[in-house]
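Colleague: My structure is in input-v2.txt, and what it holds is compact mmCIF, C-alpha atoms:
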# COMPACT_ATOMS: atom_id res chain seq x y z
CA GLY A 1 124.54 130.48 115.62
CA VAL A 2 121.15 130.35 113.90
CA VAL A 3 119.88 128.71 110.73
CA THR A 4 116.83 130.51 109.37
CA ALA A 5 114.96 130.36 106.04
CA VAL A 6 113.23 132.39 103.38
CA VAL A 7 109.47 132.31 103.97
CA ALA A 8 107.53 131.11 100.93
CA GLY A 9 103.97 132.44 100.98
CA ASP A 10 101.60 129.81 99.62
CA PHE A 11 97.90 128.86 99.45
CA SER A 12 96.69 132.47 99.51
CA GLU A 13 93.06 133.55 99.13
CA GLY A 14 91.51 136.98 98.59
CA MET A 15 93.32 140.09 97.41
CA GLY A 16 94.93 140.66 100.80
CA GLY A 17 96.23 137.11 100.81
CA ARG A 18 97.54 137.43 97.26
CA LEU A 19 99.36 140.66 98.17
CA GLU A 20 100.82 138.94 101.22
CA ALA A 21 102.21 136.14 99.03
CA THR A 22 103.58 138.68 96.56
CA TYR A 23 105.42 140.58 99.30
CA LEU A 24 106.86 137.44 100.89
CA ASN A 25 107.90 135.83 97.61
CA SER A 26 109.58 138.88 96.11
CA PHE A 27 110.38 141.82 98.40
CA TYR A 28 111.21 139.84 101.56
CA ALA A 29 112.81 136.88 99.80
CA ARG A 30 115.01 139.26 97.81
CA TRP A 31 116.04 141.24 100.89
CA MET A 32 116.93 138.07 102.80
CA GLN A 33 119.21 136.88 100.00
CA LEU A 34 120.79 140.32 99.54
CA SER A 35 121.41 140.67 103.27
CA GLN A 36 123.13 137.28 103.33
CA ALA A 37 125.25 138.26 100.32
CA VAL A 38 126.64 141.28 102.23
CA GLY A 39 127.11 139.34 105.47
CA HIS A 40 124.15 140.69 107.46
CA SER A 41 121.55 137.92 107.36
CA PHE A 42 118.55 138.48 109.61
CA VAL A 43 116.51 135.84 111.38
CA VAL A 44 112.88 135.01 110.58
CA GLY A 45 111.07 133.42 113.51
CA LYS A 46 109.15 130.92 111.39
CA GLN A 47 112.36 128.91 111.22
CA MET A 48 115.05 129.22 113.89
CA LEU A 49 117.45 126.34 114.42
CA PHE A 50 120.00 126.96 117.19
CA ARG A 51 121.82 125.30 120.06
CA ARG A 52 120.16 125.90 123.41
CA ALA A 53 123.62 126.28 124.97
CA ASP A 54 124.37 129.19 122.64
CA MET A 55 121.04 130.86 123.37
CA ASP A 56 121.59 130.43 127.10
CA ARG A 57 124.76 132.52 126.85
CA PHE A 58 122.64 135.66 126.53
CA GLY A 59 119.74 134.59 128.74
CA GLY A 60 117.68 132.56 126.28
CA ILE A 61 114.51 133.46 124.41
CA ALA A 62 112.94 134.82 127.60
CA ASN A 63 115.58 137.55 127.73
CA LEU A 64 114.41 138.78 124.32
CA GLY A 65 110.78 139.15 125.40
CA ARG A 66 111.20 142.91 125.81
CA TYR A 67 111.50 143.23 122.04
CA ILE A 68 108.63 143.04 119.56
CA ALA A 69 110.81 141.09 117.08
CA GLU A 70 112.67 138.60 119.25
CA ASP A 71 113.68 136.62 116.15
CA TYR A 72 115.63 139.57 114.72
CA MET A 73 117.22 140.26 118.13
CA ALA A 74 118.21 136.60 118.46
CA GLY A 75 120.29 137.01 115.31
CA GLN A 76 121.85 140.22 116.64
CA ALA A 77 122.70 138.53 119.94
CA MET A 78 124.30 135.57 118.17
CA ARG A 79 126.50 137.92 116.15
CA ARG A 80 127.69 139.60 119.35
CA LEU A 81 128.80 136.14 120.48
CA GLY A 82 130.84 135.83 117.27
CA LEU A 83 128.45 133.32 115.70
CA LYS A 84 126.84 133.42 112.25
CA VAL A 85 123.30 133.64 110.93
CA VAL A 86 122.81 131.58 107.76
CA ILE A 87 119.85 130.95 105.47
CA SER A 88 118.98 127.36 104.60
CA GLN A 89 118.73 126.32 100.96
CA GLU A 90 115.10 125.26 101.35
CA PRO A 91 112.37 127.84 102.12
CA ILE A 92 109.82 127.33 104.86
CA ARG A 93 106.23 127.43 103.63
CA GLN A 94 103.59 129.64 105.20
CA CYS A 95 99.98 128.80 104.42
CA ILE A 96 98.54 132.30 104.13
CA GLY A 97 94.83 131.61 103.78
CA LYS A 98 92.23 134.31 103.23
CA HIS A 99 92.89 137.98 104.02
CA ASN A 100 91.32 141.23 102.92
CA LEU A 101 93.17 144.43 102.00
CA SER A 102 92.77 145.86 105.51
CA ASP A 103 94.38 142.76 107.06
CA PHE A 104 97.27 143.05 104.64
CA TRP A 105 97.82 146.77 105.29
CA LYS A 106 97.77 146.43 109.10
CA ARG A 107 100.15 143.47 109.05
CA HIS A 108 102.73 145.18 106.86
CA LEU A 109 102.34 148.46 108.70
CA ARG A 110 103.40 146.57 111.82
CA TRP A 111 106.31 144.86 110.08
CA GLY A 112 107.50 148.14 108.58
CA ARG A 113 107.46 150.00 111.89
CA ILE A 114 109.41 147.15 113.44
CA ARG A 115 112.02 147.49 110.66
CA LYS A 116 112.12 151.25 111.19
CA ALA A 117 112.80 150.84 114.92
CA GLN A 118 115.43 148.13 114.57
CA ALA A 119 117.20 149.10 111.33
CA PRO A 120 116.39 152.79 110.73
CA LEU A 121 119.08 153.39 108.10
CA ALA A 122 118.00 150.44 105.96
CA PHE A 123 114.36 151.52 106.36
CA LEU A 124 115.23 155.04 105.20
CA PHE A 125 116.63 153.74 101.91
CA GLU A 126 113.84 151.18 101.27
CA PRO A 127 111.94 153.37 98.75
CA LEU A 128 114.98 153.34 96.44
CA PHE A 129 114.40 149.59 96.10
CA PHE A 130 110.78 150.00 94.98
CA SER A 131 110.42 149.47 91.24
CA MET A 132 108.28 152.56 90.62
CA LEU A 133 110.42 155.11 92.46
CA SER A 134 113.75 153.70 91.30
CA GLY A 135 112.36 153.56 87.76
CA LEU A 136 111.28 157.19 87.84
CA ILE A 137 114.66 158.31 89.19
CA GLY A 138 116.54 156.22 86.63
CA SER A 139 114.32 157.37 83.77
CA PHE A 140 114.88 161.02 84.68
CA GLY A 141 118.65 160.59 84.87
CA PHE A 142 119.03 158.55 81.69
CA SER A 143 116.75 160.86 79.71
CA LYS A 144 118.44 164.04 80.96
CA TRP A 145 122.08 163.02 80.63
CA LEU A 146 122.12 160.19 78.06
CA GLY A 147 119.15 161.13 75.91
CA ILE A 148 117.28 157.84 76.36
CA PRO A 149 113.52 158.50 76.14
CA PHE A 150 111.93 158.68 79.60
CA GLY A 151 109.03 156.35 78.76
CA LEU A 152 111.23 153.78 77.04
CA PHE A 153 113.62 153.49 79.96
CA PHE A 154 110.77 153.34 82.49
CA ALA A 155 108.94 150.60 80.55
CA ALA A 156 112.12 148.54 80.14
CA HIS A 157 112.95 148.98 83.84
CA LEU A 158 109.50 147.81 84.97
CA PHE A 159 109.51 144.88 82.54
CA LEU A 160 112.87 143.60 83.78
CA TRP A 161 111.90 144.05 87.45
CA LEU A 162 108.59 142.28 86.85
CA ALA A 163 110.24 139.39 84.99
CA LEU A 164 112.76 138.79 87.77
CA ASP A 165 110.09 139.00 90.49
CA LEU A 166 107.79 136.62 88.60
CA LEU A 167 110.61 134.08 88.31
CA LEU A 168 111.25 134.33 92.04
CA MET A 169 107.56 134.07 92.94
CA ALA A 170 107.01 131.12 90.61
CA LYS A 171 109.97 129.34 92.21
CA LEU A 172 108.64 129.83 95.74
CA GLU A 173 104.99 128.92 95.17
CA SER A 174 104.18 125.21 95.16
CA LYS A 175 102.00 125.16 92.06
CA MET A 176 101.05 127.62 89.36
CA THR A 177 97.94 127.74 87.17
CA LEU A 178 97.00 130.17 84.42
CA ARG A 179 94.53 131.88 86.75
CA GLY A 180 97.14 131.97 89.50
CA PHE A 181 99.62 133.58 87.14
CA GLY A 182 97.07 136.28 86.23
CA GLU A 183 96.41 137.00 89.91
CA MET A 184 100.15 137.11 90.56
CA LEU A 185 100.62 139.62 87.76
CA PHE A 186 97.80 141.87 89.00
CA SER A 187 98.92 141.71 92.63
CA TRP A 188 102.49 142.60 91.62
CA PHE A 189 101.37 145.82 89.91
CA LEU A 190 99.07 146.67 92.82
CA ARG A 191 101.85 146.03 95.32
CA GLU A 192 104.24 148.28 93.40
CA LEU A 193 101.64 151.07 93.29
CA ILE A 194 100.93 150.98 97.03
CA ALA A 195 104.52 150.33 98.20
CA LEU A 196 105.42 154.01 98.63
CA PRO A 197 102.12 155.09 100.31
CA LEU A 198 102.47 152.13 102.70
CA TRP A 199 106.08 153.10 103.47
CA ILE A 200 105.00 156.70 104.19
CA HIS A 201 102.33 155.40 106.60
CA MET A 202 105.00 153.28 108.31
CA ALA A 203 107.31 156.29 108.62
CA LEU A 204 104.65 158.54 110.19
CA GLY A 205 104.14 156.54 113.37
CA SER A 206 105.67 154.17 115.89
CA SER A 207 102.68 152.32 117.35
CA VAL A 208 101.24 148.98 116.22
CA ASN A 209 98.30 146.76 117.04
CA TRP A 210 99.47 143.35 118.24
CA ARG A 211 96.70 140.79 118.88
CA GLY A 212 94.30 143.51 120.06
CA THR A 213 96.87 145.40 122.17
CA ARG A 214 98.17 148.81 121.16
CA LEU A 215 101.96 148.92 121.53
CA ARG A 216 104.52 151.66 120.97
CA ILE A 217 107.84 150.57 119.49
CA ARG A 218 110.85 152.43 120.84
CA ASN A 219 114.16 152.78 119.01
CA GLY A 220 115.94 149.45 119.02
CA GLY A 221 112.69 147.47 119.06
CA LEU A 222 111.75 147.66 122.75
CA VAL A 223 108.00 147.84 123.31
CA GLU A 224 105.69 149.55 125.76
CA THR A 225 101.91 149.83 126.05
CA ALA A 226 100.67 152.78 124.00
Could you take the file, read its structure, and then write that structure out as structure tokens?

Modeller:
Amino acid sequence: GVVTAVVAGDFSEGMGGRLEATYLNSFYARWMQLSQAVGHSFVVGKQMLFRRADMDRFGGIANLGRYIAEDYMAGQAMRRLGLKVVISQEPIRQCIGKHNLSDFWKRHLRWGRIRKAQAPLAFLFEPLFFSMLSGLIGSFGFSKWLGIPFGLFFAAHLFLWLALDLLLMAKLESKMTLRGFGEMLFSWFLRELIALPLWIHMALGSSVNWRGTRLRIRNGGLVETA
């Protein structure tokens, strides 16, 4: 039905841009691959390859205009037709450019509230896939029931998570310098520290700012003017 791709964030500038690349090249890339592994791939609008005849069977792109994330809904519609959503082997590159922390926060607040409206159950369990929270839970359990020191387990957990994310990020970025690696390392720790506060902010509302217009996202992803 649709061929989509992992988005590789590249050519980032500023701390907001670096955080954007870190999110795209670890959190989102990982979720796309995991979702495909369990048979529930979702579509990213930056790359959508489909047959017009298939899209016309449910009214075409125009019929999805009521939704804030028409790319995601295109994948859902294709599945209802009995067709598949697959991820291509090559990522599609997004030139991120320069962003500040406020730009980054607002952008991911919007993305998170879209996820909450369209996949509420998956959104509810997202914090368990943050390295800090899952590490704290695991450290408590392993120290209480298996006697493994809390700090040792937590440090090992973070190191392994960091190593795997760095490998993924290095694979998706086009070139890597020593300075770039240092920025990647710093932005990863910052991203992990703010992941839960950002998720809480997402959970506490349903409105977003889209190109200067305030919109309210209803359950299922339909939008209305706030």

Colleague: Can I get the residues of segment 39-146 of chain A within 9 Å of segment 153-163 of chain A, each with the closest pair of atoms and their distance in Å to one decimal, using all atoms listed in the file, sorted chain first then ascending number, as a Markdown table?

Modeller:
| residue | atom | partner | partner_atom | distance |
| --- | --- | --- | --- | --- |
| A:Ser131 | CA | A:Leu158 | CA | 6.6 |
| A:Met132 | CA | A:Leu158 | CA | 7.5 |
| A:Ser134 | CA | A:His157 | CA | 8.9 |
| A:Gly135 | CA | A:Phe154 | CA | 5.5 |
| A:Leu136 | CA | A:Phe154 | CA | 6.6 |
| A:Gly138 | CA | A:Phe154 | CA | 7.7 |
| A:Ser139 | CA | A:Phe153 | CA | 5.5 |
| A:Phe140 | CA | A:Phe153 | CA | 9.0 |
| A:Phe142 | CA | A:Phe153 | CA | 7.6 |
| A:Ser143 | CA | A:Phe153 | CA | 8.0 |

Colleague: Based on the selection just made, write C-alpha atoms of those residues as a CSV table (one decimal), keeping the file's coordinate frame.

Modeller:
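The resulting file, out_12.csv, is shown below:
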chain,number,residue,atom,x,y,z
A,131,SER,CA,110.4,149.5,91.2
A,132,MET,CA,108.3,152.6,90.6
A,134,SER,CA,113.8,153.7,91.3
A,135,GLY,CA,112.4,153.6,87.8
A,136,LEU,CA,111.3,157.2,87.8
A,138,GLY,CA,116.5,156.2,86.6
A,139,SER,CA,114.3,157.4,83.8
A,140,PHE,CA,114.9,161.0,84.7
A,142,PHE,CA,119.0,158.6,81.7
A,143,SER,CA,116.8,160.9,79.7

Colleague: Could you pull out every residue with an atom within 6 Å of (115.4, 135.8, 114.0), file coordinates, counting all atoms listed in the file, and send them as number ranges by chain?

Modeller: A: 43-45, 71-72, 74-75

Colleague: I want to know what sits within 12 Å of Ile194 of chain A, based on only C-alpha atoms, with residues of the same chain fewer than 6 positions away left out; could you give that as a list in words?

Modeller: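 These residues fall inside the cut-off: Leu19, Tyr23, Leu101, Phe104, Trp105, His108, Pro127, Phe130, Ser131, Met132, Leu133, Ser187, Trp188, Ile200 and His201 of chain A.
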
Colleague: Between atom CA of Leu172 of chain A and atom CA of Gln76 of chain A, what distance in Å does the model show, to one decimal?

Modeller: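 Pair atom CA of Leu172 of chain A / atom CA of Gln76 of chain A returns 26.8 Å.
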
Colleague: State, in Å with one decimal place, the distance from atom CA of Leu167 of chain A to atom CA of Ser41 of chain A.

Modeller: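 Rounded to one decimal, the two atoms are 22.3 Å apart.
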
Colleague: Tell me, as a PDB file with C-alpha atoms, in the coordinates of the input, which residues lie within 9 Å of segment 57-66 of chain A, counting all atoms listed in the file; anything in the same chain fewer than 3 positions away does not count.

Modeller:
ATOM      1  CA  ARG A  52     120.160 125.900 123.410  1.00  0.00           C
ATOM      2  CA  ALA A  53     123.620 126.280 124.970  1.00  0.00           C
ATOM      3  CA  ASP A  54     124.370 129.190 122.640  1.00  0.00           C
ATOM      4  CA  ALA A  69     110.810 141.090 117.080  1.00  0.00           C
ATOM      5  CA  GLU A  70     112.670 138.600 119.250  1.00  0.00           C
ATOM      6  CA  ASP A  71     113.680 136.620 116.150  1.00  0.00           C
ATOM      7  CA  MET A  73     117.220 140.260 118.130  1.00  0.00           C
ATOM      8  CA  ALA A  74     118.210 136.600 118.460  1.00  0.00           C
ATOM      9  CA  ALA A  77     122.700 138.530 119.940  1.00  0.00           C
ATOM     10  CA  MET A  78     124.300 135.570 118.170  1.00  0.00           C
ATOM     11  CA  LEU A  81     128.800 136.140 120.480  1.00  0.00           C
ATOM     12  CA  GLY A 221     112.690 147.470 119.060  1.00  0.00           C
ATOM     13  CA  LEU A 222     111.750 147.660 122.750  1.00  0.00           C
ATOM     14  CA  VAL A 223     108.000 147.840 123.310  1.00  0.00           C
ATOM     15  CA  GLU A 224     105.690 149.550 125.760  1.00  0.00           C
TER      16      GLU A 224
END

Colleague: Taking all atoms listed in the file into account, which of A:Met169, A:Ala122, A:Ile114, A:Val2 comes nearest Val86 of chain A?

Modeller: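 Comparing A:Met169, A:Ala122, A:Ile114, A:Val2 against Val86 of chain A, the winner is A:Val2.
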
Colleague: For atom CA of Thr225 of chain A and atom CA of Leu24 of chain A, quote the distance in Å rounded to one decimal.

Modeller: 28.5 Å

Colleague: Which is closest to Gly17 of chain A among A:Gly82, A:Asp103, A:Ser207, A:Trp199, if we use only C-alpha atoms?

Modeller: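 Counting only C-alpha atoms, the residue closest to Gly17 of chain A is A:Asp103.
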
Colleague: Between A:Val7, A:Val85, A:Met15, A:Ala119, single out the one closest to Asn219 of chain A, counting all atoms listed in the file.

Modeller: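 Smallest distance to Asn219 of chain A is found for A:Ala119.
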
Colleague: Using only C-alpha atoms, can you tell me which of A:His40, A:Arg93, A:Arg211, A:Arg191 comes closest to Arg79 of chain A?

Modeller: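 That would be A:His40, the residue with the smallest distance to Arg79 of chain A.
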